[in-house]
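Read through the structure below, which is laid out as structure tokens, and then see the notes.
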Amino acid sequence: MRTAVLTALILGLFPIAAAAAPVAPEDLFKMTFLNSALISPDGTHVLVESSRMNGPKNRYDRAIDLVDVATGTLMHNVTKHVSDGDYDWMPDGRSFVFVRTLEKQKPQLYRYTLAGGTVVQLTHIKNGVSGPVVSHGGDRIALTVTDTDPAHDAYIDFSKAGFTPASSQKKSDVHLIDELFFQANGAGYTYQDHQHIWTIDADGSHPKELTSGRYSEGFDAWSSDDKTILFDSLRYATVDSGPSDVYVIPSTGGAMQKLASTLPANNGMFFGAGGHRVYYLTGDVKDAAERPALVSANGDGSDARVIVARNTVPWGDSLLADMKEGGGFCGWPLPSGNLALLNIDGAGYANLRTLDLSTGALRDITPPRGEAWSCSVSRDGQRVAYLYSDFTHPADVYVADVSGGAPRQLTHVNDAYLASVTLSQPVEFTVKDSAGFAVQAWFMPAVDGTEGTKHPTLLDIHGGPETQFGDTYFQEFQLYASLGYNVVFSDPAGSTGHGYAFEEALENDYGDAMFRDVQAVMDAVVQRRDVDASRLAVLGGS
């Protein structure tokens, strides 16, 4: 009796923490998704776009958050308006410009001032704006404006039809498409949309259209003296996916000039420190596994020098998960003129590295694990901000010193949710395939059973195939593990991040090489004590 009383007293003094719950599909409504980490020029603040699911309104609510680098303090929805995003800092770091979308209106550019929190509208451009990039001097802003072809007149002779059409009947919903690549994932039909480069003064005055016509331009960078703008564009019809050319154009307007290249796939990166040389990626389009070369050239394409040879470096971040699909490529020249900072794929991870622009040598800035993407660098080149995720943590904002040292986590936007659920920690293993390659794979154990209990097991195969699974957060996999399934995922032949030869191995043995690799993975998995070999299933995506 005394023991029972003592136990009750202890429990009253020290409440037992609530047991962690299994992951549920509805948990997505509890989570925050981050995108686009942009550090201020002085390195004191980071802008980040946060999104949360809004169930009653059946949408994602997007907002701009402001993070203090010194303290990690996060000011949510600093502009006090849902649907703001797409921003860039003014050079003094005291304000930033951003794109705001109001209901039934085209998106326009605004400026937010940190001291006082004032918001001022800068543009009133008919077709709306996106992608603002502030000039180095801060006196002008480049942005993109998308023109959409008007609907064709109705293909009806209304005089023969015998009636006068209503205004809604005068235009046709029939589309005549004469382009092979007429749509894009997430963007829908693109053949009728033409993205062009404009500039405005910093106060929103003097809007000027630099490019026009049926071809689109992808804006990349201002030169250091702000006299020239670098962009990509495909200005001819093609039967291949991937061609593009690099152009420069005077920032005050004038004729665009194409950089000469012997290869069809060219994408701009940035200007060198002096503003005269351009760094760009160049490659072919016939080999899906190819990694482009990094080349430096004068603004007209002359004196081209290969910095990094083709099929050497896997540029960018291609890790696949359900929080997003790859982190893309971020590349920033550092003030020294000899270094650039960028993200690079590794085997099941993506990290940040510096690239020596003279020798092509790479050095790790962040550890070779997890997924680092969306990087940006302070004006002095000393501090980088980025997003980082791993198997058990969705993206948060981190900062690191370019000169070295351990990265520092600034935000903890999903910590409360993560503490409320039980997650599975994947275990890495490798198998040798018939071609002698080491195939990287992971086993995520079910979380609802005792050790040694046999569980049904799911093999998830990624699509692409030029992508990779790896050390990043995957909510769907955690859900399956909470439902009592083991989850197996791997990077078979054709996956990125594992060397050119491994990716190329699929090209001449399409389908079969990948099939053999996932079979070898499962042959190893069924030997585990916690796998019920009579209950296996396969799923995946593309």
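Letters for chains follow the order of the structure tokens (A, B, ...), residue numbers begin at 1 for each chain, and ligand numbers begin at 1 in the order shown.
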I'd like the contact shell of Tyr191 (chain A) - 12 Å cut-off, only C-alpha atoms, skipping same-chain residues fewer than 5 positions apart - returned as JSON, numbers by chain.
{"A": [146, 147, 148, 149, 175, 176, 177, 178, 179, 180, 181, 182, 183, 184, 214, 215, 216, 237]}
Would you output that residue set with C-alpha atoms, as a tab-separated table (two decimals), in the first residue's frame?
chain	number	residue	atom	x	y	z
A	146	THR	CA	5.04	36.49	-68.98
A	147	ASP	CA	2.95	37.26	-72.06
A	148	THR	CA	0.22	34.76	-72.90
A	149	ASP	CA	-1.08	34.38	-76.44
A	175	HIS	CA	-5.68	24.93	-79.39
A	176	LEU	CA	-3.50	24.44	-82.46
A	177	ILE	CA	-0.07	23.39	-81.20
A	178	ASP	CA	2.94	23.34	-83.51
A	179	GLU	CA	5.62	22.71	-80.86
A	180	LEU	CA	6.84	19.33	-79.67
A	181	PHE	CA	7.58	20.50	-76.11
A	182	PHE	CA	4.35	22.28	-75.31
A	183	GLN	CA	3.94	21.65	-71.59
A	184	ALA	CA	5.98	21.32	-68.39
A	214	ARG	CA	7.65	34.14	-79.26
A	215	TYR	CA	10.74	32.80	-77.45
A	216	SER	CA	11.15	32.88	-73.69
A	237	ALA	CA	12.46	24.61	-82.84
Per DSSP on the backbone, what are the strand (DSSP E or B) residues of region 40-217 of chain A, as number ranges by chain?
A: 45-54, 59-68, 74-75, 85-89, 95-100, 108-113, 118-121, 130-134, 140-148, 153, 171, 183-184, 188-189, 193-201, 208-209
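DSSP on the backbone gives alpha helix (DSSP H) for these parts of region 157-226 of chain A: Phe158, Ser159, Lys160 and Ala161 of chain A.
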Give me a file of those residues, with N, CA and C atoms, as a tab-separated table (two decimals), in the first residue's frame.
chain	number	residue	atom	x	y	z
A	158	PHE	N	-20.43	32.58	-88.21
A	158	PHE	CA	-21.71	32.78	-87.53
A	158	PHE	C	-22.81	33.23	-88.47
A	159	SER	N	-22.44	33.84	-89.63
A	159	SER	CA	-23.47	34.20	-90.59
A	159	SER	C	-24.13	32.96	-91.18
A	160	LYS	N	-23.32	31.91	-91.39
A	160	LYS	CA	-23.88	30.65	-91.88
A	160	LYS	C	-24.63	29.91	-90.77
A	161	ALA	N	-24.16	30.11	-89.52
A	161	ALA	CA	-24.83	29.46	-88.41
A	161	ALA	C	-26.18	30.09	-88.12
For Gln468 (chain A), which residue among A:Thr312, A:Ser376, A:Ser420, A:Ser318 is the nearest when counting only C-alpha atoms?
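Ranking A:Thr312, A:Ser376, A:Ser420, A:Ser318 by distance to Gln468 (chain A), first place goes to A:Ser318.
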Using only C-alpha atoms, which residues of region 234-293 of chain A come within 10 Å of region 494-503 of chain A, and what is the closest atom pair for each, with the distance in Å to one decimal? Give it as CSV, sorted by chain and residue number.
residue,atom,partner,partner_atom,distance
A:Ala288,CA,A:Glu503,CA,8.7
A:Ala289,CA,A:Glu503,CA,5.6
A:Glu290,CA,A:Tyr500,CA,7.1
A:Arg291,CA,A:Tyr500,CA,7.5
Of the candidates A:Asp345, A:Glu476, A:Asp317, A:Asp65, which one gets nearest to Ser36 (chain A) if we count only C-alpha atoms?
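The shortest atom-to-atom distance to Ser36 (chain A) comes from A:Asp65.
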Selected residue, from A:Gly470, A:Gly274, A:Pro465, A:Gly301, that lies nearest to Thr392 (chain A) when counting only C-alpha atoms:
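So, comparing all the options, the nearest one is A:Gly470.
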Residue among A:Gln475, A:Thr71, A:Asn298, A:Ser224 lying closest to Phe33 (chain A), counting only C-alpha atoms:
A:Gln475
Check the smallest atom-to-atom distance from each of A:Ala221, A:Val308, A:Leu122, A:Asp512 to Met269 (chain A) using only C-alpha atoms, then report the winner.
A:Ala221
Using only C-alpha atoms, the best pick from A:Pro207, A:Pro56, A:Pro41, A:Gly463 as closest to Gly93 (chain A) would be A:Pro41
So which residues touch Thr457 (chain A) within 9 Å, counting only C-alpha atoms, skipping near sequence neighbours fewer than 4 positions away, as a ChimeraX atom specification?
/A:445-446,484-488,526,531-533,535-538
What are the closest atom pairs, with distances in Å to one decimal, for all residues of region 42-71 of chain A lying within 10 Å of region 393-410 of chain A? Consider only C-alpha atoms, order rows by chain and residue number, and present the result as a tab-separated table.
residue	atom	partner	partner_atom	distance
A:Gly43	CA	A:Val399	CA	9.6
A:Val46	CA	A:Val397	CA	8.3
A:Leu47	CA	A:Val397	CA	9.5
A:Val48	CA	A:Val397	CA	7.9
A:Val67	CA	A:Leu410	CA	7.6
A:Asp68	CA	A:Leu410	CA	8.1
A:Val69	CA	A:Leu410	CA	6.9
A:Ala70	CA	A:Leu410	CA	8.7
A:Thr71	CA	A:Leu410	CA	7.7
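One finds CA of Leu423 (chain A) at 22.3 Å from CA of Ser51 (chain A).
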Report as a PDB file with N, CA and C atoms, in the first residue's frame all protein, DNA and RNA residues lying within 12 Å of region 76-86 of chain A, evaluated on only C-alpha atoms, omitting residues in the same chain fewer than 4 positions from it.
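Here's the written file result.pdb:
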ATOM      1  N   THR A  32       5.130  22.498 -41.513  1.00  0.00           N
ATOM      2  CA  THR A  32       5.536  23.708 -42.224  1.00  0.00           C
ATOM      3  C   THR A  32       6.589  23.331 -43.255  1.00  0.00           C
ATOM      4  N   LEU A  34       9.424  24.731 -45.977  1.00  0.00           N
ATOM      5  CA  LEU A  34      10.260  25.895 -46.247  1.00  0.00           C
ATOM      6  C   LEU A  34      10.857  25.836 -47.647  1.00  0.00           C
ATOM      7  N   ASN A  35      11.089  27.023 -48.205  1.00  0.00           N
ATOM      8  CA  ASN A  35      11.657  27.128 -49.543  1.00  0.00           C
ATOM      9  C   ASN A  35      12.412  28.456 -49.642  1.00  0.00           C
ATOM     10  N   SER A  36      13.444  28.487 -50.476  1.00  0.00           N
ATOM     11  CA  SER A  36      14.089  29.722 -50.895  1.00  0.00           C
ATOM     12  C   SER A  36      14.703  30.523 -49.749  1.00  0.00           C
ATOM     13  N   ALA A  37      15.796  30.027 -49.180  1.00  0.00           N
ATOM     14  CA  ALA A  37      16.522  30.743 -48.136  1.00  0.00           C
ATOM     15  C   ALA A  37      17.443  31.781 -48.779  1.00  0.00           C
ATOM     16  N   LEU A  38      17.263  33.053 -48.397  1.00  0.00           N
ATOM     17  CA  LEU A  38      18.041  34.142 -49.004  1.00  0.00           C
ATOM     18  C   LEU A  38      18.627  35.018 -47.906  1.00  0.00           C
ATOM     19  N   VAL A  46      17.931  36.208 -42.719  1.00  0.00           N
ATOM     20  CA  VAL A  46      17.609  35.295 -43.814  1.00  0.00           C
ATOM     21  C   VAL A  46      16.116  35.372 -44.083  1.00  0.00           C
ATOM     22  N   LEU A  47      15.757  35.560 -45.338  1.00  0.00           N
ATOM     23  CA  LEU A  47      14.367  35.437 -45.763  1.00  0.00           C
ATOM     24  C   LEU A  47      14.116  33.991 -46.154  1.00  0.00           C
ATOM     25  N   VAL A  48      12.960  33.466 -45.779  1.00  0.00           N
ATOM     26  CA  VAL A  48      12.600  32.109 -46.180  1.00  0.00           C
ATOM     27  C   VAL A  48      11.093  32.065 -46.419  1.00  0.00           C
ATOM     28  N   GLU A  49      10.696  31.345 -47.431  1.00  0.00           N
ATOM     29  CA  GLU A  49       9.272  31.195 -47.747  1.00  0.00           C
ATOM     30  C   GLU A  49       8.733  29.979 -47.002  1.00  0.00           C
ATOM     31  N   SER A  50       7.673  30.184 -46.237  1.00  0.00           N
ATOM     32  CA  SER A  50       7.057  29.072 -45.509  1.00  0.00           C
ATOM     33  C   SER A  50       5.663  28.827 -46.058  1.00  0.00           C
ATOM     34  N   SER A  51       5.276  27.557 -46.100  1.00  0.00           N
ATOM     35  CA  SER A  51       3.947  27.182 -46.581  1.00  0.00           C
ATOM     36  C   SER A  51       3.301  26.237 -45.588  1.00  0.00           C
ATOM     37  N   ARG A  52       2.020  26.447 -45.358  1.00  0.00           N
ATOM     38  CA  ARG A  52       1.239  25.572 -44.497  1.00  0.00           C
ATOM     39  C   ARG A  52      -0.079  25.255 -45.190  1.00  0.00           C
ATOM     40  N   MET A  53      -0.571  24.034 -44.997  1.00  0.00           N
ATOM     41  CA  MET A  53      -1.836  23.642 -45.599  1.00  0.00           C
ATOM     42  C   MET A  53      -2.987  24.304 -44.861  1.00  0.00           C
ATOM     43  N   ASN A  54      -3.913  24.866 -45.629  1.00  0.00           N
ATOM     44  CA  ASN A  54      -5.119  25.487 -45.082  1.00  0.00           C
ATOM     45  C   ASN A  54      -6.300  24.616 -45.494  1.00  0.00           C
ATOM     46  N   ARG A  59      -6.093  25.028 -49.708  1.00  0.00           N
ATOM     47  CA  ARG A  59      -4.949  25.642 -50.368  1.00  0.00           C
ATOM     48  C   ARG A  59      -3.743  25.596 -49.433  1.00  0.00           C
ATOM     49  N   TYR A  60      -2.588  25.954 -49.979  1.00  0.00           N
ATOM     50  CA  TYR A  60      -1.403  26.199 -49.182  1.00  0.00           C
ATOM     51  C   TYR A  60      -1.308  27.697 -48.925  1.00  0.00           C
ATOM     52  N   ASP A  61      -1.117  28.081 -47.682  1.00  0.00           N
ATOM     53  CA  ASP A  61      -0.888  29.478 -47.339  1.00  0.00           C
ATOM     54  C   ASP A  61       0.614  29.730 -47.332  1.00  0.00           C
ATOM     55  N   ARG A  62       1.052  30.595 -48.230  1.00  0.00           N
ATOM     56  CA  ARG A  62       2.467  30.915 -48.369  1.00  0.00           C
ATOM     57  C   ARG A  62       2.748  32.266 -47.733  1.00  0.00           C
ATOM     58  N   ALA A  63       3.869  32.377 -47.018  1.00  0.00           N
ATOM     59  CA  ALA A  63       4.225  33.632 -46.373  1.00  0.00           C
ATOM     60  C   ALA A  63       5.736  33.798 -46.371  1.00  0.00           C
ATOM     61  N   ILE A  64       6.189  35.036 -46.149  1.00  0.00           N
ATOM     62  CA  ILE A  64       7.611  35.332 -46.035  1.00  0.00           C
ATOM     63  C   ILE A  64       7.969  35.428 -44.562  1.00  0.00           C
ATOM     64  N   ASP A  65       8.947  34.622 -44.129  1.00  0.00           N
ATOM     65  CA  ASP A  65       9.441  34.668 -42.762  1.00  0.00           C
ATOM     66  C   ASP A  65      10.817  35.325 -42.749  1.00  0.00           C
ATOM     67  N   LEU A  66      11.108  36.026 -41.658  1.00  0.00           N
ATOM     68  CA  LEU A  66      12.393  36.706 -41.488  1.00  0.00           C
ATOM     69  C   LEU A  66      13.103  36.095 -40.289  1.00  0.00           C
ATOM     70  N   VAL A  67      14.324  35.601 -40.495  1.00  0.00           N
ATOM     71  CA  VAL A  67      15.079  34.916 -39.454  1.00  0.00           C
ATOM     72  C   VAL A  67      16.297  35.752 -39.078  1.00  0.00           C
ATOM     73  N   ASP A  68      16.473  35.984 -37.775  1.00  0.00           N
ATOM     74  CA  ASP A  68      17.645  36.687 -37.266  1.00  0.00           C
ATOM     75  C   ASP A  68      18.798  35.693 -37.130  1.00  0.00           C
ATOM     76  N   SER A  95      15.931  46.662 -46.576  1.00  0.00           N
ATOM     77  CA  SER A  95      14.632  46.392 -47.197  1.00  0.00           C
ATOM     78  C   SER A  95      14.800  45.289 -48.224  1.00  0.00           C
ATOM     79  N   PHE A  96      13.676  44.737 -48.653  1.00  0.00           N
ATOM     80  CA  PHE A  96      13.705  43.737 -49.714  1.00  0.00           C
ATOM     81  C   PHE A  96      12.474  43.927 -50.593  1.00  0.00           C
ATOM     82  N   VAL A  97      12.578  43.477 -51.825  1.00  0.00           N
ATOM     83  CA  VAL A  97      11.441  43.503 -52.743  1.00  0.00           C
ATOM     84  C   VAL A  97      10.859  42.105 -52.819  1.00  0.00           C
ATOM     85  N   PHE A  98       9.568  42.026 -53.083  1.00  0.00           N
ATOM     86  CA  PHE A  98       8.895  40.734 -53.141  1.00  0.00           C
ATOM     87  C   PHE A  98       7.688  40.840 -54.057  1.00  0.00           C
ATOM     88  N   VAL A  99       7.167  39.679 -54.427  1.00  0.00           N
ATOM     89  CA  VAL A  99       6.002  39.619 -55.313  1.00  0.00           C
ATOM     90  C   VAL A  99       4.773  39.278 -54.469  1.00  0.00           C
ATOM     91  N   ARG A 100       3.727  40.073 -54.638  1.00  0.00           N
ATOM     92  CA  ARG A 100       2.462  39.854 -53.934  1.00  0.00           C
ATOM     93  C   ARG A 100       1.364  39.582 -54.949  1.00  0.00           C
ATOM     94  N   THR A 101       0.557  38.570 -54.668  1.00  0.00           N
ATOM     95  CA  THR A 101      -0.570  38.237 -55.524  1.00  0.00           C
ATOM     96  C   THR A 101      -1.860  38.500 -54.767  1.00  0.00           C
ATOM     97  N   LEU A 102      -2.656  39.420 -55.267  1.00  0.00           N
ATOM     98  CA  LEU A 102      -3.958  39.720 -54.686  1.00  0.00           C
ATOM     99  C   LEU A 102      -5.036  39.003 -55.485  1.00  0.00           C
ATOM    100  N   GLU A 103      -6.152  38.722 -54.852  1.00  0.00           N
ATOM    101  CA  GLU A 103      -7.223  37.970 -55.494  1.00  0.00           C
ATOM    102  C   GLU A 103      -7.696  38.670 -56.760  1.00  0.00           C
ATOM    103  N   PRO A 107       0.164  39.298 -60.235  1.00  0.00           N
ATOM    104  CA  PRO A 107       1.173  39.566 -59.198  1.00  0.00           C
ATOM    105  C   PRO A 107       2.002  40.801 -59.531  1.00  0.00           C
ATOM    106  N   GLN A 108       2.298  41.596 -58.502  1.00  0.00           N
ATOM    107  CA  GLN A 108       3.075  42.811 -58.677  1.00  0.00           C
ATOM    108  C   GLN A 108       4.193  42.871 -57.651  1.00  0.00           C
ATOM    109  N   LEU A 109       5.161  43.757 -57.907  1.00  0.00           N
ATOM    110  CA  LEU A 109       6.328  43.888 -57.046  1.00  0.00           C
ATOM    111  C   LEU A 109       6.095  44.945 -55.966  1.00  0.00           C
ATOM    112  N   TYR A 110       6.506  44.594 -54.740  1.00  0.00           N
ATOM    113  CA  TYR A 110       6.399  45.484 -53.587  1.00  0.00           C
ATOM    114  C   TYR A 110       7.757  45.552 -52.897  1.00  0.00           C
ATOM    115  N   ARG A 111       7.900  46.556 -52.017  1.00  0.00           N
ATOM    116  CA  ARG A 111       9.103  46.640 -51.197  1.00  0.00           C
ATOM    117  C   ARG A 111       8.709  46.701 -49.724  1.00  0.00           C
ATOM    118  N   TYR A 112       9.435  45.934 -48.898  1.00  0.00           N
ATOM    119  CA  TYR A 112       9.218  45.925 -47.448  1.00  0.00           C
ATOM    120  C   TYR A 112      10.449  46.510 -46.771  1.00  0.00           C
ATOM    121  N   THR A 113      10.245  47.458 -45.858  1.00  0.00           N
ATOM    122  CA  THR A 113      11.334  48.070 -45.108  1.00  0.00           C
ATOM    123  C   THR A 113      11.335  47.526 -43.682  1.00  0.00           C
ATOM    124  N   LEU A 114      12.488  46.998 -43.242  1.00  0.00           N
ATOM    125  CA  LEU A 114      12.561  46.357 -41.935  1.00  0.00           C
ATOM    126  C   LEU A 114      12.243  47.329 -40.812  1.00  0.00           C
ATOM    127  N   ALA A 115      12.800  48.520 -40.862  1.00  0.00           N
ATOM    128  CA  ALA A 115      12.522  49.512 -39.829  1.00  0.00           C
ATOM    129  C   ALA A 115      11.136  50.112 -40.082  1.00  0.00           C
ATOM    130  N   GLY A 116      10.197  49.749 -39.255  1.00  0.00           N
ATOM    131  CA  GLY A 116       8.842  50.248 -39.414  1.00  0.00           C
ATOM    132  C   GLY A 116       7.894  49.295 -40.089  1.00  0.00           C
ATOM    133  N   GLY A 117       8.419  48.330 -40.831  1.00  0.00           N
ATOM    134  CA  GLY A 117       7.565  47.331 -41.463  1.00  0.00           C
ATOM    135  C   GLY A 117       6.639  47.880 -42.532  1.00  0.00           C
ATOM    136  N   THR A 118       7.059  48.922 -43.240  1.00  0.00           N
ATOM    137  CA  THR A 118       6.212  49.511 -44.268  1.00  0.00           C
ATOM    138  C   THR A 118       6.286  48.727 -45.566  1.00  0.00           C
ATOM    139  N   VAL A 119       5.172  48.697 -46.280  1.00  0.00           N
ATOM    140  CA  VAL A 119       5.070  48.006 -47.562  1.00  0.00           C
ATOM    141  C   VAL A 119       4.621  49.001 -48.615  1.00  0.00           C
ATOM    142  N   VAL A 120       5.350  49.048 -49.738  1.00  0.00           N
ATOM    143  CA  VAL A 120       5.044  49.973 -50.825  1.00  0.00           C
ATOM    144  C   VAL A 120       4.964  49.192 -52.128  1.00  0.00           C
ATOM    145  N   VAL A 129       4.322  40.272 -62.660  1.00  0.00           N
ATOM    146  CA  VAL A 129       5.772  40.109 -62.640  1.00  0.00           C
ATOM    147  C   VAL A 129       6.162  38.901 -61.800  1.00  0.00           C
ATOM    148  N   SER A 130       7.423  38.485 -61.955  1.00  0.00           N
ATOM    149  CA  SER A 130       7.987  37.407 -61.130  1.00  0.00           C
ATOM    150  C   SER A 130       9.496  37.541 -61.167  1.00  0.00           C
ATOM    151  N   GLY A 131      10.173  36.778 -60.301  1.00  0.00           N
ATOM    152  CA  GLY A 131      11.622  36.645 -60.324  1.00  0.00           C
ATOM    153  C   GLY A 131      12.425  37.924 -60.217  1.00  0.00           C
ATOM    154  N   PRO A 132      12.170  38.801 -59.246  1.00  0.00           N
ATOM    155  CA  PRO A 132      12.962  40.031 -59.157  1.00  0.00           C
ATOM    156  C   PRO A 132      14.408  39.764 -58.761  1.00  0.00           C
ATOM    157  N   VAL A 133      15.341  40.467 -59.397  1.00  0.00           N
ATOM    158  CA  VAL A 133      16.755  40.413 -59.032  1.00  0.00           C
ATOM    159  C   VAL A 133      17.267  41.851 -59.024  1.00  0.00           C
ATOM    160  N   LEU A 143      13.321  41.869 -63.664  1.00  0.00           N
ATOM    161  CA  LEU A 143      12.265  40.911 -63.341  1.00  0.00           C
ATOM    162  C   LEU A 143      11.744  40.302 -64.626  1.00  0.00           C
ATOM    163  N   THR A 144      10.901  39.298 -64.484  1.00  0.00           N
ATOM    164  CA  THR A 144      10.333  38.641 -65.655  1.00  0.00           C
ATOM    165  C   THR A 144       8.843  38.907 -65.739  1.00  0.00           C
ATOM    166  N   THR A 411      16.438  27.593 -37.563  1.00  0.00           N
ATOM    167  CA  THR A 411      15.003  27.416 -37.337  1.00  0.00           C
ATOM    168  C   THR A 411      14.697  25.995 -36.889  1.00  0.00           C
ATOM    169  N   VAL A 413      11.151  24.684 -37.280  1.00  0.00           N
ATOM    170  CA  VAL A 413       9.740  24.929 -37.568  1.00  0.00           C
ATOM    171  C   VAL A 413       8.860  23.703 -37.358  1.00  0.00           C
TER     172      VAL A 413
END
Which polymer residues have any atom within 9 Å of an atom of Gly381 (chain A), counting only C-alpha atoms, with same-chain residues fewer than 4 positions away left out, as a count of residues only?
7
